[in-house]
>>> print(open('run-v6.pdb').read())   # PDB, C-alpha atoms
ATOM      1  CA  GLY G   1       0.000   0.000   0.000
ATOM      2  CA  PHE G   2       1.044   3.514   0.767
ATOM      3  CA  HIS G   3       3.076   2.425   3.813
ATOM      4  CA  LEU G   4       6.500   3.581   2.578
ATOM      5  CA  HIS G   5       5.667   7.282   2.871
ATOM      6  CA  GLN G   6       5.965   9.769   5.725
ATOM      7  CA  GLY G   7       2.901  11.691   4.559
ATOM      8  CA  LEU G   8       0.024  11.315   2.115
ATOM      9  CA  SER G   9      -2.143  13.749   0.198
ATOM     10  CA  VAL G  10      -4.831  13.238  -2.420
ATOM     11  CA  TYR G  11      -5.385  15.298  -5.553
ATOM     12  CA  TYR G  12      -8.990  14.881  -6.678
ATOM     13  CA  LYS G  13     -10.868  15.841  -9.812
ATOM     14  CA  PHE G  14     -14.541  15.426 -10.664
ATOM     15  CA  ILE G  15     -15.158  14.337 -14.249
ATOM     16  CA  TRP G  16     -18.501  14.422 -16.025
ATOM     17  CA  ASP G  17     -19.802  14.422 -19.563
ATOM     18  CA  SER G  18     -22.403  16.463 -21.329
ATOM     19  CA  PRO G  19     -25.252  17.250 -20.489
ATOM     20  CA  TRP G  20     -24.128  17.630 -16.838
ATOM     21  CA  THR G  21     -23.350  21.132 -15.620
ATOM     22  CA  LEU G  22     -21.341  22.188 -12.585
ATOM     23  CA  LEU G  23     -23.440  24.701 -10.640
ATOM     24  CA  GLN G  24     -21.321  25.189  -7.547
ATOM     25  CA  GLY G  25     -18.126  23.886  -5.939
ATOM     26  CA  ASN G  26     -14.597  23.125  -7.029
ATOM     27  CA  ALA G  27     -14.143  20.592  -9.812
ATOM     28  CA  CYS G  28     -10.653  19.754  -8.533
ATOM     29  CA  GLY G  29      -8.439  20.266  -5.522
ATOM     30  CA  GLN G  30      -5.971  18.707  -3.145
ATOM     31  CA  THR G  31      -6.121  17.647   0.471
ATOM     32  CA  HIS G  32      -3.538  18.630   3.046
ATOM     33  CA  THR G  33      -0.600  16.279   3.607
ATOM     34  CA  ALA G  34      -1.340  14.017   6.544
ATOM     35  CA  VAL G  35       1.845  13.070   8.364
ATOM     36  CA  VAL G  36       1.918   9.375   9.137
ATOM     37  CA  SER G  37       3.369   7.637  12.172
ATOM     38  CA  TRP G  38       3.748   4.051  10.969
ATOM     39  CA  SER G  39       5.333   3.039  14.281
ATOM     40  CA  GLN G  40       1.833   3.044  15.788
ATOM     41  CA  LYS G  41       0.837   0.158  13.472
ATOM     42  CA  THR G  42      -1.882   2.266  11.887
ATOM     43  CA  THR G  43      -3.483   1.004   8.696
ATOM     44  CA  SER G  44      -5.278   4.196   7.717
ATOM     45  CA  VAL G  45      -4.546   7.887   7.394
ATOM     46  CA  PRO G  46      -7.497  10.216   8.041
ATOM     47  CA  LEU G  47      -7.528  13.188   5.687
ATOM     48  CA  ASN G  48     -10.957  14.585   6.682
ATOM     49  CA  HIS G  49     -11.176  16.879   3.670
ATOM     50  CA  PRO G  50     -14.671  18.153   2.816
ATOM     51  CA  LEU G  51     -15.862  18.044  -0.793
ATOM     52  CA  ASP G  52     -18.930  20.066  -1.700
ATOM     53  CA  ILE G  53     -20.126  20.017  -5.288
ATOM     54  CA  HIS G  54     -23.477  20.689  -6.975
ATOM     55  CA  PHE G  55     -24.436  19.507 -10.476
ATOM     56  CA  ALA G  56     -27.535  19.821 -12.635
ATOM     57  CA  ALA G  57     -28.452  17.445 -15.451
ATOM     58  CA  PRO G  58     -31.449  16.568 -17.598
ATOM     59  CA  SER G  59     -30.254  12.958 -17.970
ATOM     60  CA  THR G  60     -28.144  10.304 -16.282
ATOM     61  CA  VAL G  61     -25.870  10.133 -19.315
ATOM     62  CA  GLY G  62     -22.387  11.294 -18.320
ATOM     63  CA  TRP G  63     -22.837  10.540 -14.588
ATOM     64  CA  PRO G  64     -19.975  12.143 -12.603
ATOM     65  CA  LYS G  65     -16.890  10.277 -11.432
ATOM     66  CA  ILE G  66     -14.138  11.225  -9.025
ATOM     67  CA  LEU G  67     -10.538  10.703 -10.052
ATOM     68  CA  VAL G  68      -7.873  10.543  -7.328
ATOM     69  CA  ILE G  69      -4.102  10.801  -7.546
ATOM     70  CA  ILE G  70      -2.314   9.899  -4.329
ATOM     71  CA  ARG G  71       0.961  11.592  -3.574
ATOM     72  CA  GLY G  72       3.306  10.396  -0.881
ATOM     73  CA  MET G  73       5.973  12.407   0.873
ATOM     74  CA  ASP G  74       9.195  10.524   1.528
ATOM     75  CA  SER G  75      11.666  11.107   4.364
ATOM     76  CA  TYR G  76      13.490  13.732   2.227
ATOM     77  CA  GLY G  77      10.317  15.772   1.702
ATOM     78  CA  ARG G  78       9.884  14.802  -1.952
ATOM     79  CA  SER G  79       6.339  14.455  -3.269
ATOM     80  CA  LEU G  80       5.994  11.225  -5.258
ATOM     81  CA  ILE G  81       3.104   9.694  -7.175
ATOM     82  CA  SER G  82       1.860   6.767  -5.100
ATOM     83  CA  GLY G  83      -1.293   5.734  -6.937
ATOM     84  CA  TYR G  84      -4.200   6.482  -9.254
ATOM     85  CA  GLY G  85      -7.842   5.511  -9.062
ATOM     86  CA  PHE G  86     -11.409   6.550  -9.811
ATOM     87  CA  ALA G  87     -14.995   5.759  -8.875
ATOM     88  CA  HIS G  88     -18.454   6.754 -10.038
ATOM     89  CA  LEU G  89     -20.369   8.945  -7.610
ATOM     90  CA  PRO G  90     -23.290   7.230  -5.861
ATOM     91  CA  THR G  91     -26.557   7.140  -7.801
ATOM     92  CA  GLN G  92     -28.858   7.155  -4.793
ATOM     93  CA  SER G  93     -29.577   9.683  -2.048
ATOM     94  CA  GLY G  94     -28.137   9.030   1.385
ATOM     95  CA  PHE G  95     -24.827   8.320   3.068
ATOM     96  CA  HIS G  96     -22.373   6.177   1.093
ATOM     97  CA  CYS G  97     -18.874   4.801   1.645
ATOM     98  CA  ILE G  98     -16.835   4.101  -1.472
ATOM     99  CA  ASP G  99     -13.572   2.167  -1.696
ATOM    100  CA  ILE G 100     -11.321   3.273  -4.529
ATOM    101  CA  HIS G 101      -8.758   0.603  -5.352
ATOM    102  CA  CYS G 102      -5.643   2.449  -6.456
ATOM    103  CA  TRP G 103      -2.807   1.335  -8.692
ATOM    104  CA  ARG G 104       0.360   2.782 -10.097
ATOM    105  CA  PRO G 105       2.263   2.078 -13.296
ATOM    106  CA  THR G 106       5.359  -0.044 -12.939
ATOM    107  CA  GLY G 107       8.475  -0.364 -15.027
ATOM    108  CA  SER G 108      11.236  -2.899 -15.347
ATOM    109  CA  MET G 109      13.031  -4.349 -12.330
ATOM    110  CA  ARG G 110      15.697  -1.670 -12.781
ATOM    111  CA  ASP G 111      13.021   1.055 -12.744
ATOM    112  CA  GLU G 112      11.507  -0.355  -9.548
ATOM    113  CA  ILE G 113      14.896  -0.511  -7.795
ATOM    114  CA  ALA G 114      15.610   3.075  -8.866
ATOM    115  CA  ALA G 115      12.170   4.102  -7.598
ATOM    116  CA  PHE G 116      12.867   2.484  -4.227
ATOM    117  CA  PHE G 117      16.265   4.140  -3.730
ATOM    118  CA  LEU G 118      15.874   7.398  -5.679
ATOM    119  CA  GLY G 119      12.145   8.022  -5.326
ATOM    120  CA  ASN G 120      11.419   8.622  -9.006
ATOM    121  CA  THR G 121       8.372   6.402  -9.471
ATOM    122  CA  ALA G 122       6.794   5.800 -12.863
ATOM    123  CA  HIS G 123       3.866   8.145 -13.497
ATOM    124  CA  LEU G 124       1.337   8.925 -16.202
ATOM    125  CA  THR G 125       1.913  11.890 -18.485
ATOM    126  CA  ASN G 126      -1.832  12.419 -18.916
ATOM    127  CA  ASP G 127      -4.549  11.522 -16.406
ATOM    128  CA  ASP G 128      -7.213  11.092 -19.125
ATOM    129  CA  ILE G 129      -6.184   7.449 -19.425
ATOM    130  CA  ILE G 130      -7.397   6.711 -15.877
ATOM    131  CA  CYS G 131     -11.151   6.872 -16.414
ATOM    132  CA  ASN G 132     -11.833   8.032 -19.956
ATOM    133  CA  LYS G 133     -13.721   5.433 -22.001
ATOM    134  CA  ALA G 134     -11.922   6.467 -25.199
ATOM    135  CA  ALA G 135      -8.531   5.689 -23.604
ATOM    136  CA  TRP G 136      -9.460   2.139 -22.596
ATOM    137  CA  THR G 137      -7.307   0.527 -25.312
ATOM    138  CA  SER G 138      -4.251   2.407 -24.025
ATOM    139  CA  ARG G 139      -5.021   1.702 -20.365
ATOM    140  CA  CYS G 140      -5.288  -2.061 -20.767
ATOM    141  CA  ARG G 141      -1.724  -2.111 -22.091
ATOM    142  CA  LEU G 142      -0.368  -0.538 -18.890
ATOM    143  CA  VAL G 143       1.555  -2.751 -16.495
ATOM    144  CA  THR G 144       0.469  -1.775 -12.995
ATOM    145  CA  VAL G 145       0.795  -2.835  -9.371
ATOM    146  CA  PRO G 146      -1.742  -2.337  -6.569
ATOM    147  CA  ALA G 147      -1.004   0.773  -4.515
ATOM    148  CA  GLY G 148      -3.621   0.806  -1.756
ATOM    149  CA  ASN G 149      -7.204   1.895  -1.130
ATOM    150  CA  ILE G 150      -8.864   5.242  -0.569
ATOM    151  CA  LYS G 151     -12.135   5.265   1.392
ATOM    152  CA  LEU G 152     -14.518   8.123   0.686
ATOM    153  CA  SER G 153     -17.686   8.936   2.597
ATOM    154  CA  PHE G 154     -20.401  10.803   0.718
ATOM    155  CA  SER G 155     -23.722  12.312   1.661
ATOM    156  CA  VAL G 156     -25.706  12.574  -1.560
ATOM    157  CA  ILE G 157     -28.833  14.607  -2.159
ATOM    158  CA  LEU G 158     -30.743  14.040  -5.395
ATOM    159  CA  ARG G 159     -33.353  16.656  -6.190
ATOM    160  CA  HIS G 160     -36.135  16.303  -8.795
ATOM    161  CA  PHE G 161     -34.676  13.064 -10.204
ATOM    162  CA  GLY G 162     -37.843  11.128  -9.345
ATOM    163  CA  ARG G 163     -39.961  13.409 -11.540
ATOM    164  CA  TYR G 164     -38.108  12.194 -14.609
ATOM    165  CA  GLY G 165     -37.911   8.487 -13.849
ATOM    166  CA  MET G 166     -34.347   8.744 -12.569
ATOM    167  CA  ASP G 167     -34.876   7.678  -8.968
ATOM    168  CA  GLY G 168     -33.319   4.466  -7.687
ATOM    169  CA  PRO G 169     -29.991   2.738  -7.342
ATOM    170  CA  PHE G 170     -29.415   2.502 -11.107
ATOM    171  CA  PRO G 171     -31.209   5.346 -12.878
ATOM    172  CA  PRO G 172     -32.422   4.495 -16.384
ATOM    173  CA  LEU G 173     -30.528   6.142 -19.217
ATOM    174  CA  ARG G 174     -32.559   8.405 -21.456
ATOM    175  CA  PRO G 175     -31.703   8.672 -25.138
ATOM    176  CA  ALA G 176     -29.814  11.862 -26.026
ATOM    177  CA  ASN G 177     -32.492  12.929 -28.527
ATOM    178  CA  THR G 178     -35.048  13.294 -25.710
ATOM    179  CA  LEU G 179     -32.997  15.957 -23.933
ATOM    180  CA  GLY G 180     -33.895  19.607 -24.074
ATOM    181  CA  LYS G 181     -36.591  22.054 -23.074
ATOM    182  CA  GLY G 182     -39.365  19.696 -24.135
ATOM    183  CA  ASN G 183     -38.736  17.570 -21.043
ATOM    184  CA  TYR G 184     -39.496  20.330 -18.534
ATOM    185  CA  GLU G 185     -42.426  22.586 -17.878
ATOM    186  CA  ASP G 186     -41.898  26.339 -18.232
ATOM    187  CA  GLY G 187     -39.669  27.668 -15.469
ATOM    188  CA  GLU G 188     -38.868  24.187 -14.133
ATOM    189  CA  LEU G 189     -35.278  23.278 -13.365
ATOM    190  CA  PRO G 190     -33.592  20.031 -14.409
ATOM    191  CA  PRO G 191     -32.696  17.525 -11.679
ATOM    192  CA  SER G 192     -29.642  18.354  -9.607
ATOM    193  CA  TYR G 193     -27.061  16.338  -7.727
TER     194      TYR G 193
END
>>> encode(input="run-v6.pdb", output="structure tokens")
Amino acid sequence: GFHLHQGLSVYYKFIWDSPWTLLQGNACGQTHTAVVSWSQKTTSVPLNHPLDIHFAAPSTVGWPKILVIIRGMDSYGRSLISGYGFAHLPTQSGFHCIDIHCWRPTGSMRDEIAAFFLGNTAHLTNDDIICNKAAWTSRCRLVTVPAGNIKLSFSVILRHFGRYGMDGPFPPLRPANTLGKGNYEDGELPPSY
């Protein structure tokens, strides 16, 4: 896992497709660096970083995801890539806990030895490959190793989704050609997340 580092921080980015719109909140950010005392035999590092984001959408197409990049701080104070991961946001109102299984790219044995002693771990040049459907063919050619897990707790509020048949654990997808003003009464807002 992430046990070789003195501190951990998480860069996060929300990703969504059209027709979703960000109404309020930060689409990306970074947590503080939590200093770790591994001598206490701890298996988790609490970051306690609040995320507050508000979307609106007329359809479930393009449902938002969260991408995470974990950075570890070594004993020399260098910030190193420790892992990548992503998860879809919950599709139902309420409190949810999500486990994001993280991974990192690996190189040859020589690269891994250099990473251990010098701290220069292999990293991606573009984070689109992590959760973009179009990059799937490139991602399945990556050689990776497990890096650890990130646990996220969410409180989700869905508003007006039930009016449009989008209430439940797996909202039905509506065809793109049914989107637009014709789906809403005058002055009515689309559902929001």
>>> atom_distance(input="run-v6.pdb", atom1="atom CA of G:Val36", atom2="atom CA of G:Met73")
9.7 Å
>>> closest_residue(input="run-v6.pdb", among="G:Thr106, G:Ser155, G:Gln6, G:Ser18", to="G:Asn120", atoms="all atoms listed in the file")
G:Thr106
>>> closest_residue(input="run-v6.pdb", among="G:Gln92, G:Arg71, G:Ala34, G:Gly29", to="G:Phe161", atoms="all atoms listed in the file")
G:Gln92
>>> closest_residue(input="run-v6.pdb", among="G:Phe86, G:Phe55, G:Phe117, G:Tyr76", to="G:Tyr11", atoms="all atoms listed in the file")
G:Phe86
>>> atom_distance(input="run-v6.pdb", atom1="atom CA of G:Thr21", atom2="atom CA of G:Ala56")
5.3 Å
>>> resolve_selection(input="run-v6.pdb", expression="the PyMOL selection byres ((chain G and resi 68) around 9)", output="list in words")
Val10, Tyr11, Tyr12, Lys13, Phe14, Ile66, Leu67, Ile69, Ile70, Gly83, Tyr84, Gly85, Phe86, Ala87, Ile100, Cys102 and Ile150 of chain G
>>> closest_residue(input="run-v6.pdb", among="G:Leu89, G:Leu22, G:Val156, G:Leu51", to="G:Pro64", atoms="all atoms listed in the file")
G:Leu89
>>> atom_distance(input="run-v6.pdb", atom1="atom CA of G:Ser75", atom2="atom CA of G:Asp127")
26.4 Å
>>> resolve_selection(input="run-v6.pdb", expression="the PyMOL selection byres ((chain G and resi 43-49) around 8)", output="JSON, numbers by chain")
{"G": [8, 9, 31, 32, 33, 34, 36, 41, 42, 50, 51]}
>>> closest_residue(input="run-v6.pdb", among="G:Gln30, G:Phe116, G:Asp17, G:Pro146", to="G:Thr60", atoms="only C-alpha atoms")
G:Asp17
>>> closest_residue(input="run-v6.pdb", among="G:Asn149, G:Thr125, G:Gln24, G:Ser79", to="G:Ile53", atoms="all atoms listed in the file")
G:Gln24
>>> residues_around(input="run-v6.pdb", residues="G:Ser153", least_positions_apart="6", cutoff="8 Å", atoms="all atoms listed in the file", output="list in words")
Phe95, His96, Cys97 and Ile98 of chain G
>>> axis_aligned_box(input="run-v6.pdb", around="stretch 149-162 of chain G", padding_each_side="8 Å", output="lines of an AutoDock Vina configuration file")
center_x = -22.5
center_y = 9.3
center_z = -3.8
size_x = 46.6
size_y = 30.8
size_z = 28.8
>>> resolve_selection(input="run-v6.pdb", expression="the PyMOL selection byres ((chain G and resi 145) around 10)", output="ChimeraX atom specification")
/G:1,83,102-107,142-144,146-148
